[in-house]
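Asks: Sharing coords.cif below, mmCIF, C-alpha atoms and all ligand atoms:
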```cif
data_coords
#
loop_
_atom_site.group_PDB
_atom_site.id
_atom_site.type_symbol
_atom_site.label_atom_id
_atom_site.label_comp_id
_atom_site.auth_asym_id
_atom_site.auth_seq_id
_atom_site.Cartn_x
_atom_site.Cartn_y
_atom_site.Cartn_z
ATOM 1 C CA MET O 1 -7.487 -6.690 11.762
ATOM 2 C CA ALA O 2 -10.778 -5.027 12.507
ATOM 3 C CA ARG O 3 -13.213 -4.764 9.679
ATOM 4 C CA ARG O 4 -14.420 -1.288 9.034
ATOM 5 C CA TRP O 5 -17.351 -1.421 6.712
ATOM 6 C CA THR O 6 -18.742 1.607 4.997
ATOM 7 C CA ASN O 7 -22.285 0.566 5.796
ATOM 8 C CA THR O 8 -24.060 -1.678 8.264
ATOM 9 C CA LEU O 9 -24.421 -4.787 6.090
ATOM 10 C CA THR O 10 -22.265 -7.734 6.972
ATOM 11 C CA HIS O 11 -20.728 -9.718 4.152
ATOM 12 C CA ASP O 12 -23.336 -12.422 4.579
ATOM 13 C CA ASP O 13 -25.934 -9.827 3.712
ATOM 14 C CA VAL O 14 -24.030 -8.214 0.883
ATOM 15 C CA THR O 15 -22.520 -11.170 -0.885
ATOM 16 C CA PRO O 16 -25.369 -13.459 -2.003
ATOM 17 C CA GLU O 17 -25.551 -13.602 -5.783
ATOM 18 C CA ALA O 18 -28.859 -11.796 -6.000
ATOM 19 C CA ALA O 19 -27.806 -9.073 -3.617
ATOM 20 C CA TRP O 20 -25.493 -7.066 -5.838
ATOM 21 C CA LEU O 21 -27.937 -7.253 -8.739
ATOM 22 C CA ASN O 22 -30.529 -5.225 -6.903
ATOM 23 C CA ARG O 23 -28.151 -3.369 -4.664
ATOM 24 C CA ARG O 24 -29.595 -0.010 -5.546
ATOM 25 C CA GLN O 25 -33.007 -1.157 -4.444
ATOM 26 C CA ILE O 26 -31.412 -2.610 -1.316
ATOM 27 C CA MET O 27 -29.617 0.605 -0.485
ATOM 28 C CA ALA O 28 -32.722 2.629 -1.256
ATOM 29 C CA GLY O 29 -34.867 0.258 0.728
ATOM 30 C CA MET O 30 -32.603 0.144 3.733
ATOM 31 C CA ALA O 31 -33.385 3.675 4.790
ATOM 32 C CA GLY O 32 -37.092 2.983 5.076
ATOM 33 C CA LEU O 33 -37.158 -0.692 5.909
ATOM 34 C CA GLY O 34 -34.097 -1.197 8.012
ATOM 35 C CA LEU O 35 -32.378 -4.551 7.768
ATOM 36 C CA ALA O 36 -35.708 -6.354 7.663
ATOM 37 C CA GLY O 37 -35.820 -5.191 4.062
ATOM 38 C CA LEU O 38 -33.133 -7.744 3.288
ATOM 39 C CA ALA O 39 -35.254 -10.733 4.243
ATOM 40 C CA GLY O 40 -36.101 -11.505 0.620
ATOM 41 C CA ILE O 41 -32.493 -12.012 -0.469
ATOM 42 C CA PRO O 42 -31.588 -15.668 -0.886
ATOM 43 C CA ALA O 43 -28.798 -16.721 1.435
ATOM 44 C CA ARG O 44 -25.519 -18.182 0.204
ATOM 45 C CA ALA O 45 -25.410 -21.797 1.262
ATOM 46 C CA SER O 46 -21.799 -22.000 2.286
ATOM 47 C CA GLY O 47 -19.435 -19.685 4.093
ATOM 48 C CA ASP O 48 -16.903 -19.793 1.275
ATOM 49 C CA LEU O 49 -16.540 -16.039 1.107
ATOM 50 C CA GLU O 50 -14.605 -15.510 4.295
ATOM 51 C CA PRO O 51 -12.335 -12.610 3.350
ATOM 52 C CA THR O 52 -8.605 -13.262 3.157
ATOM 53 C CA ASP O 53 -6.549 -11.372 5.767
ATOM 54 C CA TYR O 54 -5.681 -7.774 4.904
ATOM 55 C CA ASP O 55 -1.967 -8.459 5.319
ATOM 56 C CA VAL O 56 -2.101 -11.313 2.822
ATOM 57 C CA ILE O 57 -4.086 -9.330 0.242
ATOM 58 C CA THR O 58 -1.605 -6.471 0.460
ATOM 59 C CA GLN O 59 1.658 -8.423 0.664
ATOM 60 C CA TYR O 60 1.209 -11.215 -1.879
ATOM 61 C CA ASN O 61 0.759 -9.397 -5.185
ATOM 62 C CA ASN O 62 1.280 -9.429 -8.909
ATOM 63 C CA PHE O 63 2.213 -5.982 -10.200
ATOM 64 C CA TYR O 64 5.120 -6.475 -12.575
ATOM 65 C CA GLU O 65 5.792 -2.731 -12.859
ATOM 66 C CA PHE O 66 7.262 -3.127 -9.367
ATOM 67 C CA GLY O 67 8.988 -6.468 -9.908
ATOM 68 C CA THR O 68 7.966 -10.034 -10.684
ATOM 69 C CA GLY O 69 8.301 -11.463 -7.156
ATOM 70 C CA LYS O 70 5.141 -11.760 -5.076
ATOM 71 C CA ASP O 71 6.635 -9.522 -2.387
ATOM 72 C CA ASP O 72 8.188 -6.978 -4.781
ATOM 73 C CA PRO O 73 5.062 -4.787 -5.163
ATOM 74 C CA ALA O 74 4.589 -4.385 -1.398
ATOM 75 C CA ARG O 75 8.277 -3.501 -1.092
ATOM 76 C CA ASN O 76 8.545 -1.126 -4.067
ATOM 77 C CA ALA O 77 5.161 0.467 -4.722
ATOM 78 C CA HIS O 78 5.647 3.158 -2.071
ATOM 79 C CA GLN O 79 7.691 4.974 -4.746
ATOM 80 C CA LEU O 80 4.531 5.606 -6.762
ATOM 81 C CA THR O 81 2.957 9.051 -6.481
ATOM 82 C CA ILE O 82 -0.792 8.896 -6.900
ATOM 83 C CA SER O 83 -1.781 12.489 -6.326
ATOM 84 C CA PRO O 84 -2.665 14.208 -8.549
ATOM 85 C CA TRP O 85 -4.088 11.388 -10.686
ATOM 86 C CA THR O 86 -5.802 11.837 -14.008
ATOM 87 C CA VAL O 87 -7.698 9.279 -16.038
ATOM 88 C CA LYS O 88 -8.018 10.015 -19.733
ATOM 89 C CA ILE O 89 -11.290 8.734 -21.146
ATOM 90 C CA ASP O 90 -11.339 8.903 -24.921
ATOM 91 C CA GLY O 91 -12.339 7.190 -28.132
ATOM 92 C CA LEU O 92 -16.022 6.563 -28.817
ATOM 93 C CA VAL O 93 -17.473 8.708 -26.007
ATOM 94 C CA ASP O 94 -19.603 11.855 -25.973
ATOM 95 C CA ARG O 95 -17.475 13.605 -23.353
ATOM 96 C CA PRO O 96 -13.822 12.698 -23.871
ATOM 97 C CA GLY O 97 -11.353 14.303 -21.506
ATOM 98 C CA ASP O 98 -8.906 14.129 -18.644
ATOM 99 C CA TYR O 99 -10.883 13.251 -15.546
ATOM 100 C CA ASP O 100 -9.385 14.053 -12.166
ATOM 101 C CA PHE O 101 -9.538 11.098 -9.795
ATOM 102 C CA ASN O 102 -11.040 13.173 -6.973
ATOM 103 C CA ASP O 103 -13.733 14.558 -9.297
ATOM 104 C CA ILE O 104 -14.590 11.010 -10.348
ATOM 105 C CA MET O 105 -14.816 9.920 -6.713
ATOM 106 C CA SER O 106 -17.113 12.795 -5.826
ATOM 107 C CA GLN O 107 -19.617 11.551 -8.392
ATOM 108 C CA MET O 108 -19.481 7.817 -7.767
ATOM 109 C CA THR O 109 -21.401 5.719 -5.274
ATOM 110 C CA ILE O 110 -18.808 3.817 -3.253
ATOM 111 C CA GLU O 111 -19.921 0.430 -2.063
ATOM 112 C CA GLU O 112 -18.311 -2.758 -0.858
ATOM 113 C CA ARG O 113 -18.188 -6.027 -2.771
ATOM 114 C CA ILE O 114 -16.742 -9.241 -1.428
ATOM 115 C CA TYR O 115 -15.493 -11.142 -4.459
ATOM 116 C CA ARG O 116 -13.553 -14.285 -5.119
ATOM 117 C CA PHE O 117 -10.275 -13.478 -6.874
ATOM 118 C CA ARG O 118 -8.641 -16.212 -8.961
ATOM 119 C CA CYS O 119 -5.226 -15.771 -10.540
ATOM 120 C CA VAL O 120 -4.428 -17.784 -13.673
ATOM 121 C CA GLU O 121 -1.482 -19.202 -11.680
ATOM 122 C CA ALA O 122 -4.086 -21.186 -9.679
ATOM 123 C CA TRP O 123 -4.017 -19.324 -6.382
ATOM 124 C CA SER O 124 -6.993 -17.446 -4.995
ATOM 125 C CA MET O 125 -8.179 -15.022 -2.360
ATOM 126 C CA VAL O 126 -11.439 -13.468 -1.216
ATOM 127 C CA VAL O 127 -11.213 -9.690 -1.269
ATOM 128 C CA PRO O 128 -13.549 -7.139 0.328
ATOM 129 C CA TRP O 129 -13.242 -4.376 -2.261
ATOM 130 C CA ASN O 130 -14.601 -0.861 -2.046
ATOM 131 C CA GLY O 131 -15.341 0.955 -5.251
ATOM 132 C CA PHE O 132 -17.935 1.733 -7.878
ATOM 133 C CA GLU O 133 -19.415 0.068 -10.914
ATOM 134 C CA LEU O 134 -17.391 0.642 -14.063
ATOM 135 C CA LYS O 135 -20.693 1.287 -15.840
ATOM 136 C CA ASP O 136 -21.247 4.424 -13.773
ATOM 137 C CA LEU O 137 -17.888 5.849 -14.897
ATOM 138 C CA LEU O 138 -18.513 4.945 -18.540
ATOM 139 C CA ASP O 139 -21.955 6.550 -18.339
ATOM 140 C CA MET O 140 -20.303 9.690 -17.019
ATOM 141 C CA ALA O 141 -18.261 9.898 -20.214
ATOM 142 C CA GLY O 142 -21.210 8.833 -22.371
ATOM 143 C CA VAL O 143 -20.559 5.717 -24.460
ATOM 144 C CA LYS O 144 -21.386 6.118 -28.152
ATOM 145 C CA SER O 145 -23.531 3.417 -29.742
ATOM 146 C CA SER O 146 -20.667 2.505 -32.096
ATOM 147 C CA ALA O 147 -18.445 1.390 -29.175
ATOM 148 C CA LYS O 148 -17.941 -2.371 -28.799
ATOM 149 C CA TYR O 149 -14.905 -2.712 -26.530
ATOM 150 C CA VAL O 150 -13.181 -0.914 -23.680
ATOM 151 C CA ALA O 151 -9.373 -0.638 -23.591
ATOM 152 C CA PHE O 152 -7.495 0.093 -20.358
ATOM 153 C CA GLU O 153 -3.956 1.301 -19.777
ATOM 154 C CA THR O 154 -1.782 1.363 -16.649
ATOM 155 C CA LEU O 155 0.533 4.224 -15.762
ATOM 156 C CA HIS O 156 4.010 3.899 -17.280
ATOM 157 C CA ARG O 157 6.457 5.905 -15.140
ATOM 158 C CA PRO O 158 9.951 4.389 -15.116
ATOM 159 C CA SER O 159 11.211 6.829 -12.464
ATOM 160 C CA GLU O 160 8.798 5.326 -9.936
ATOM 161 C CA MET O 161 8.431 1.800 -11.300
ATOM 162 C CA PRO O 162 11.608 -0.298 -11.030
ATOM 163 C CA GLY O 163 9.927 -3.214 -12.809
ATOM 164 C CA VAL O 164 9.422 -1.413 -16.121
ATOM 165 C CA ARG O 165 13.178 -1.003 -16.525
ATOM 166 C CA VAL O 166 13.219 -4.672 -17.557
ATOM 167 C CA PRO O 167 11.096 -6.046 -20.394
ATOM 168 C CA ALA O 168 9.113 -8.553 -18.297
ATOM 169 C CA LEU O 169 6.136 -7.416 -20.381
ATOM 170 C CA GLN O 170 5.631 -4.808 -23.072
ATOM 171 C CA TRP O 171 4.842 -1.521 -21.267
ATOM 172 C CA PRO O 172 2.468 0.024 -20.526
ATOM 173 C CA TYR O 173 0.349 -2.851 -19.218
ATOM 174 C CA VAL O 174 -2.887 -2.899 -21.219
ATOM 175 C CA GLU O 175 -6.139 -4.805 -20.913
ATOM 176 C CA GLY O 176 -9.545 -4.902 -22.535
ATOM 177 C CA LEU O 177 -13.130 -6.007 -22.151
ATOM 178 C CA ARG O 178 -16.046 -6.390 -24.487
ATOM 179 C CA LEU O 179 -18.498 -3.546 -23.834
ATOM 180 C CA ASP O 180 -21.162 -5.852 -22.359
ATOM 181 C CA GLU O 181 -18.583 -7.278 -19.955
ATOM 182 C CA ALA O 182 -17.512 -3.778 -18.975
ATOM 183 C CA MET O 183 -21.108 -2.700 -18.393
ATOM 184 C CA HIS O 184 -21.981 -5.792 -16.334
ATOM 185 C CA PRO O 185 -22.984 -4.881 -12.765
ATOM 186 C CA LEU O 186 -20.319 -7.199 -11.303
ATOM 187 C CA THR O 187 -17.519 -5.267 -13.023
ATOM 188 C CA MET O 188 -16.085 -2.627 -10.746
ATOM 189 C CA MET O 189 -13.366 -0.074 -10.277
ATOM 190 C CA ALA O 190 -11.823 -0.740 -6.891
ATOM 191 C CA THR O 191 -10.575 2.208 -4.880
ATOM 192 C CA GLY O 192 -10.388 0.518 -1.496
ATOM 193 C CA ILE O 193 -9.855 -2.741 0.392
ATOM 194 C CA TYR O 194 -11.322 -3.458 3.828
ATOM 195 C CA GLY O 195 -12.728 0.064 3.915
ATOM 196 C CA LYS O 196 -9.329 1.754 3.488
ATOM 197 C CA ASP O 197 -7.879 3.429 0.403
ATOM 198 C CA ILE O 198 -6.513 0.765 -1.905
ATOM 199 C CA PRO O 199 -2.774 0.267 -1.268
ATOM 200 C CA LYS O 200 -0.384 1.134 -4.074
ATOM 201 C CA GLN O 201 0.699 -2.487 -4.508
ATOM 202 C CA ASN O 202 -2.952 -3.400 -5.171
ATOM 203 C CA GLY O 203 -3.339 -0.763 -7.905
ATOM 204 C CA ALA O 204 -3.959 2.640 -6.336
ATOM 205 C CA PRO O 205 -5.746 4.827 -6.829
ATOM 206 C CA MET O 206 -8.090 2.904 -9.111
ATOM 207 C CA ARG O 207 -7.957 -0.611 -10.570
ATOM 208 C CA LEU O 208 -10.348 -2.818 -12.466
ATOM 209 C CA VAL O 209 -11.953 -5.872 -10.830
ATOM 210 C CA VAL O 210 -13.665 -8.455 -13.043
ATOM 211 C CA PRO O 211 -14.336 -11.305 -10.616
ATOM 212 C CA TRP O 212 -15.269 -14.009 -13.151
ATOM 213 C CA LYS O 213 -12.026 -13.591 -15.118
ATOM 214 C CA TYR O 214 -8.453 -14.531 -14.286
ATOM 215 C CA GLY O 215 -6.718 -11.914 -12.163
ATOM 216 C CA PHE O 216 -4.539 -10.486 -14.928
ATOM 217 C CA LYS O 217 -7.626 -8.936 -16.555
ATOM 218 C CA SER O 218 -7.997 -6.771 -13.428
ATOM 219 C CA ILE O 219 -5.564 -4.071 -14.542
ATOM 220 C CA LYS O 220 -4.087 -1.760 -11.909
ATOM 221 C CA SER O 221 -3.359 1.966 -11.542
ATOM 222 C CA ILE O 222 -5.376 2.946 -14.602
ATOM 223 C CA VAL O 223 -4.592 6.193 -16.437
ATOM 224 C CA ARG O 224 -6.518 5.702 -19.667
ATOM 225 C CA ILE O 225 -9.819 4.181 -20.748
ATOM 226 C CA THR O 226 -10.594 4.113 -24.457
ATOM 227 C CA LEU O 227 -13.906 3.115 -26.011
ATOM 228 C CA THR O 228 -13.328 1.439 -29.353
ATOM 229 C CA ASP O 229 -14.945 -0.730 -32.010
ATOM 230 C CA GLN O 230 -11.894 -3.042 -32.259
ATOM 231 C CA GLU O 231 -10.869 -5.789 -29.861
ATOM 232 C CA PRO O 232 -8.014 -4.154 -27.923
ATOM 233 C CA PRO O 233 -4.601 -5.748 -27.381
ATOM 234 C CA THR O 234 -3.952 -7.212 -23.921
ATOM 235 C CA SER O 235 -0.574 -7.566 -22.219
ATOM 236 C CA TRP O 236 -0.575 -11.286 -21.478
ATOM 237 C CA ASN O 237 -1.981 -12.152 -24.884
ATOM 238 C CA ARG O 238 0.842 -10.139 -26.456
ATOM 239 C CA ALA O 239 3.364 -11.952 -24.276
ATOM 240 C CA ASN O 240 2.024 -15.445 -25.018
ATOM 241 C CA ALA O 241 -1.049 -15.780 -27.201
ATOM 242 C CA GLN O 242 -1.049 -19.595 -26.920
ATOM 243 C CA GLU O 243 -1.564 -19.416 -23.174
ATOM 244 C CA TYR O 244 -3.545 -16.219 -22.598
ATOM 245 C CA GLY O 245 -6.564 -15.271 -24.673
ATOM 246 C CA PHE O 246 -8.668 -12.131 -24.733
ATOM 247 C CA TYR O 247 -11.529 -13.606 -22.702
ATOM 248 C CA SER O 248 -9.662 -15.384 -19.905
ATOM 249 C CA ASN O 249 -12.811 -16.399 -18.078
ATOM 250 C CA VAL O 250 -12.142 -18.618 -15.071
ATOM 251 C CA ASN O 251 -12.912 -22.114 -16.308
ATOM 252 C CA PRO O 252 -12.016 -25.328 -14.439
ATOM 253 C CA ASN O 253 -12.635 -27.347 -17.624
ATOM 254 C CA VAL O 254 -10.095 -25.557 -19.812
ATOM 255 C CA ASP O 255 -6.574 -26.140 -18.568
ATOM 256 C CA HIS O 256 -3.659 -23.809 -18.998
ATOM 257 C CA ARG O 257 -1.152 -25.288 -21.448
ATOM 258 C CA ARG O 258 1.219 -25.988 -18.546
ATOM 259 C CA TRP O 259 -1.068 -26.744 -15.582
ATOM 260 C CA SER O 260 -4.574 -27.731 -14.569
ATOM 261 C CA GLN O 261 -7.164 -25.068 -13.796
ATOM 262 C CA ALA O 262 -9.487 -27.534 -12.037
ATOM 263 C CA SER O 263 -8.467 -26.439 -8.553
ATOM 264 C CA GLU O 264 -6.810 -23.568 -6.743
ATOM 265 C CA ARG O 265 -4.766 -22.832 -3.649
ATOM 266 C CA PRO O 266 -6.303 -20.275 -1.296
ATOM 267 C CA ILE O 267 -3.559 -17.892 -0.157
ATOM 268 C CA GLY O 268 -3.347 -17.209 3.548
ATOM 269 C CA GLY O 269 -4.408 -20.633 4.737
ATOM 270 C CA GLY O 270 -0.862 -21.742 5.488
ATOM 271 C CA VAL O 271 1.415 -24.017 3.486
ATOM 272 C CA PHE O 272 -0.692 -27.095 4.259
ATOM 273 C CA ALA O 273 -3.955 -25.467 3.213
ATOM 274 C CA LYS O 274 -6.049 -27.718 1.014
ATOM 275 C CA ARG O 275 -6.640 -26.923 -2.609
ATOM 276 C CA ILE O 276 -10.277 -26.207 -3.389
ATOM 277 C CA PRO O 277 -12.158 -26.863 -6.608
ATOM 278 C CA THR O 278 -12.264 -23.947 -9.021
ATOM 279 C CA LEU O 279 -15.779 -22.837 -9.910
ATOM 280 C CA MET O 280 -17.048 -22.108 -13.427
ATOM 281 C CA PHE O 281 -16.738 -18.359 -14.029
ATOM 282 C CA ASN O 282 -15.181 -18.292 -10.545
ATOM 283 C CA GLY O 283 -18.602 -18.872 -8.983
ATOM 284 C CA TYR O 284 -20.416 -16.161 -10.963
ATOM 285 C CA GLU O 285 -21.864 -18.470 -13.622
ATOM 286 C CA LYS O 286 -25.468 -17.561 -12.906
ATOM 287 C CA GLU O 287 -24.693 -13.896 -13.419
ATOM 288 C CA VAL O 288 -22.410 -13.980 -16.458
ATOM 289 C CA ALA O 289 -22.906 -17.229 -18.417
ATOM 290 C CA SER O 290 -25.459 -15.515 -20.686
ATOM 291 C CA LEU O 291 -22.734 -13.160 -21.939
ATOM 292 C CA TYR O 292 -21.063 -16.122 -23.635
ATOM 293 C CA GLU O 293 -24.059 -18.032 -24.943
ATOM 294 C CA GLY O 294 -23.196 -19.978 -28.073
ATOM 295 C CA MET O 295 -19.466 -19.321 -27.707
ATOM 296 C CA ASP O 296 -16.931 -22.140 -27.605
ATOM 297 C CA LEU O 297 -15.163 -21.351 -24.336
ATOM 298 C CA ALA O 298 -12.247 -23.655 -25.133
ATOM 299 C CA LYS O 299 -11.598 -21.746 -28.356
ATOM 300 C CA ASN O 300 -12.317 -18.356 -26.816
ATOM 301 C CA TYR O 301 -10.027 -18.895 -23.816
HETATM 302 N N1 LIG X 401 -0.714 -2.979 -14.332
HETATM 303 C C1 LIG X 401 -0.762 -4.244 -13.882
HETATM 304 N N2 LIG X 401 -1.953 -4.759 -13.525
HETATM 305 C C2 LIG X 401 -2.023 -6.036 -13.062
HETATM 306 C C3 LIG X 401 -0.867 -6.849 -13.004
HETATM 307 C C4 LIG X 401 0.381 -6.259 -13.388
HETATM 308 O O1 LIG X 401 1.448 -6.891 -13.360
HETATM 309 N N3 LIG X 401 0.381 -4.965 -13.818
HETATM 310 N N4 LIG X 401 -0.957 -8.162 -12.575
HETATM 311 C C5 LIG X 401 -2.263 -8.796 -12.742
HETATM 312 C C6 LIG X 401 -2.334 -10.112 -12.121
HETATM 313 S S1 LIG X 401 -1.539 -11.387 -12.898
HETATM 314 C C7 LIG X 401 -3.072 -10.350 -11.000
HETATM 315 S S2 LIG X 401 -3.288 -11.922 -10.383
HETATM 316 C C8 LIG X 401 -3.673 -9.222 -10.244
HETATM 317 C C9 LIG X 401 -3.155 -9.253 -8.817
HETATM 318 O O2 LIG X 401 -3.860 -8.326 -8.037
HETATM 319 P P1 LIG X 401 -3.507 -8.203 -6.494
HETATM 320 O O3 LIG X 401 -2.024 -8.008 -6.381
HETATM 321 O O4 LIG X 401 -4.288 -7.044 -5.997
HETATM 322 O O5 LIG X 401 -3.934 -9.505 -5.847
HETATM 323 O O6 LIG X 401 -3.378 -7.948 -10.808
HETATM 324 C C10 LIG X 401 -3.390 -7.914 -12.220
HETATM 325 N N5 LIG X 401 -3.225 -6.550 -12.678
HETATM 326 MO MO MO X 402 -2.479 -13.326 -12.056
#
```
Can you dump the structure from the file as structure tokens?
Ligand SMILES: Nc1nc2c(c(=O)[nH]1)N[C@H]1C(S)=C(S)[C@@H](COP(=O)(O)O)O[C@H]1N2
Ligand SMILES: [Mo]
Replies:
Amino acid sequence: MARRWTNTLTHDDVTPEAAWLNRRQIMAGMAGLGLAGLAGIPARASGDLEPTDYDVITQYNNFYEFGTGKDDPARNAHQLTISPWTVKIDGLVDRPGDYDFNDIMSQMTIEERIYRFRCVEAWSMVVPWNGFELKDLLDMAGVKSSAKYVAFETLHRPSEMPGVRVPALQWPYVEGLRLDEAMHPLTMMATGIYGKDIPKQNGAPMRLVVPWKYGFKSIKSIVRITLTDQEPPTSWNRANAQEYGFYSNVNPNVDHRRWSQASERPIGGGVFAKRIPTLMFNGYEKEVASLYEGMDLAKNY
């Protein structure tokens, strides 16, 4: 399908590691300098960020609230009503409250980010997300200095979610990040894919994207964000603590108890598509390794 970008940068311009770090300067500079202003950004050596087809991204999903099959979310998520949508932001914030999704959107800078996406099941995609930095939303609510973690909660609405009628997981789906992870400039709230509103099966109207962590950290259809000083519970850790830890950083050197994490299968390349090596922190090592300095990543899986 045709790519409709929200600005004039191609993904080769937008994606290099350094580019997102100084994106505000880039966006500010673009007006005056034109694209020549991008000349100083180091180029990515390989073309490994060719986005996965829209149809694949939106038809091969994990969203257990709509069923555990990969095609269940695309088939069932149309039942979800997403308007109106309110996100409660509470806990250790200066301005707790119920934030209307449209009000949030009117205050956020929407940009595009092409990120690798690596599921713990060892498949992967490359997704051109649209959205905003989580930090900007947290700043809107005003994070108190006592906050150390961010807890997230997905909508729980049995009347519209056939999957929650069975105990595949404990509902609602919950996730969490350390505050520094949440505030990292790579961490985003996605509200679109390929320049269109994010489809319901991908977590409409707003889902987390943490590209250096396994996909299950990227919680969908968020209705509550709580700032806390305690490490929050997470759904997959609750379900199986031996296999799924709080951190869940992509790490080719730490295998899952039941399979290797050294390589992954890109979805959309056909059944004979070659597996590719999995990258440390899913390819974002330069940006995020410092967050985990001195930590034993095998222990803190
Ligand atoms: N609420 C909720 N969020 C969720 C899930 C889920 O089942 N429920 N699945 C997770 C898993 S395991 C993955 S791999 C990604 C899949 O995102 P995608 O369907 O957009 O590729 O969503 C994550 N977020
Ligand atoms: Mo996943």
Asks: Compare O:Ser106, O:Asn300, O:Asn202, O:Thr228 by their minimum atom-to-atom distance to Gly245 of chain O, counting all atoms listed in the file, and give me the closest one.
Replies: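 Residue with the minimum atom-to-atom distance to Gly245 of chain O: O:Asn300.
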Asks: Could you spell out the hits of the PyMOL selection byres (((not hetatm)) within 9 of (chain X and resi 402)) on the shown file, as number ranges by chain?
Replies: O: 61-63, 118-123, 214-218
Asks: Using only C-alpha atoms, which protein or nucleic acid residues come within 9 Å of Ser235 of chain O? Drop anything in the same chain fewer than 4 positions from it, and give the result as a list in words.
Replies: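 Returned residues: Leu169, Gln170, Trp171, Pro172, Tyr173, Val174, Glu175, Phe216, Ala239 and Asn240 of chain O.
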Asks: Between atom CA of Tyr54 of chain O and atom CA of Arg165 of chain O, what is the distance in Å, rounded to a tenth?
Replies: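 Taking atom CA of Tyr54 of chain O as the start and atom CA of Arg165 of chain O as the end point, the length is 29.3 Å.
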Asks: Compare O:Tyr247, O:Trp85, O:Tyr149, O:Trp259 by their minimum atom-to-atom distance to Lys213 of chain O, counting all atoms listed in the file, and give me the closest one.
Replies: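 For Lys213 of chain O, the nearest of the candidates is O:Tyr247.
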Asks: For ligand LIG 401 (chain X), which residue among O:Thr187, O:Ser263, O:Gln201, O:Ser159 is the nearest when counting only C-alpha atoms and all ligand atoms?
Replies: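 The answer is O:Gln201, which sits nearest to ligand LIG 401 (chain X).
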Asks: Please write the residues picked by the PyMOL selection byres (((chain O and resi 143) around 10) and not hetatm) on this file as a VMD selection string.
Replies: chain O and resid 90 to 96 135 137 to 142 144 to 148 150 179 227 to 228
Asks: Have segment 108-120 of chain O completed to N, CA and C atoms, please, and pass it along as a PDB file, in the coordinates of the input.
Replies:
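Output (out35.pdb):
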```
ATOM      1  N   MET O 108     -19.186   9.248  -7.773  1.00  0.00           N
ATOM      2  CA  MET O 108     -19.481   7.817  -7.767  1.00  0.00           C
ATOM      3  C   MET O 108     -20.076   7.377  -6.433  1.00  0.00           C
ATOM      4  N   THR O 109     -20.877   6.330  -6.488  1.00  0.00           N
ATOM      5  CA  THR O 109     -21.401   5.719  -5.274  1.00  0.00           C
ATOM      6  C   THR O 109     -20.439   4.619  -4.858  1.00  0.00           C
ATOM      7  N   ILE O 110     -19.781   4.808  -3.713  1.00  0.00           N
ATOM      8  CA  ILE O 110     -18.808   3.817  -3.253  1.00  0.00           C
ATOM      9  C   ILE O 110     -19.543   2.760  -2.427  1.00  0.00           C
ATOM     10  N   GLU O 111     -19.299   1.527  -2.789  1.00  0.00           N
ATOM     11  CA  GLU O 111     -19.921   0.430  -2.063  1.00  0.00           C
ATOM     12  C   GLU O 111     -18.879  -0.639  -1.820  1.00  0.00           C
ATOM     13  N   GLU O 112     -19.254  -1.672  -1.089  1.00  0.00           N
ATOM     14  CA  GLU O 112     -18.311  -2.758  -0.858  1.00  0.00           C
ATOM     15  C   GLU O 112     -18.820  -4.005  -1.571  1.00  0.00           C
ATOM     16  N   ARG O 113     -17.877  -4.770  -2.092  1.00  0.00           N
ATOM     17  CA  ARG O 113     -18.188  -6.027  -2.771  1.00  0.00           C
ATOM     18  C   ARG O 113     -17.176  -7.066  -2.303  1.00  0.00           C
ATOM     19  N   ILE O 114     -17.653  -8.155  -1.796  1.00  0.00           N
ATOM     20  CA  ILE O 114     -16.742  -9.241  -1.428  1.00  0.00           C
ATOM     21  C   ILE O 114     -16.737 -10.249  -2.561  1.00  0.00           C
ATOM     22  N   TYR O 115     -15.604 -10.327  -3.255  1.00  0.00           N
ATOM     23  CA  TYR O 115     -15.493 -11.142  -4.459  1.00  0.00           C
ATOM     24  C   TYR O 115     -14.402 -12.188  -4.302  1.00  0.00           C
ATOM     25  N   ARG O 116     -14.647 -13.341  -4.920  1.00  0.00           N
ATOM     26  CA  ARG O 116     -13.553 -14.285  -5.119  1.00  0.00           C
ATOM     27  C   ARG O 116     -12.588 -13.692  -6.134  1.00  0.00           C
ATOM     28  N   PHE O 117     -11.299 -13.973  -5.962  1.00  0.00           N
ATOM     29  CA  PHE O 117     -10.275 -13.478  -6.874  1.00  0.00           C
ATOM     30  C   PHE O 117      -9.390 -14.659  -7.236  1.00  0.00           C
ATOM     31  N   ARG O 118      -9.335 -15.000  -8.514  1.00  0.00           N
ATOM     32  CA  ARG O 118      -8.641 -16.212  -8.961  1.00  0.00           C
ATOM     33  C   ARG O 118      -7.582 -15.852  -9.989  1.00  0.00           C
ATOM     34  N   CYS O 119      -6.327 -16.021  -9.610  1.00  0.00           N
ATOM     35  CA  CYS O 119      -5.226 -15.771 -10.540  1.00  0.00           C
ATOM     36  C   CYS O 119      -5.080 -16.974 -11.474  1.00  0.00           C
ATOM     37  N   VAL O 120      -4.633 -16.727 -12.690  1.00  0.00           N
ATOM     38  CA  VAL O 120      -4.428 -17.784 -13.673  1.00  0.00           C
ATOM     39  C   VAL O 120      -3.355 -18.774 -13.201  1.00  0.00           C
TER      40      VAL O 120
END
```
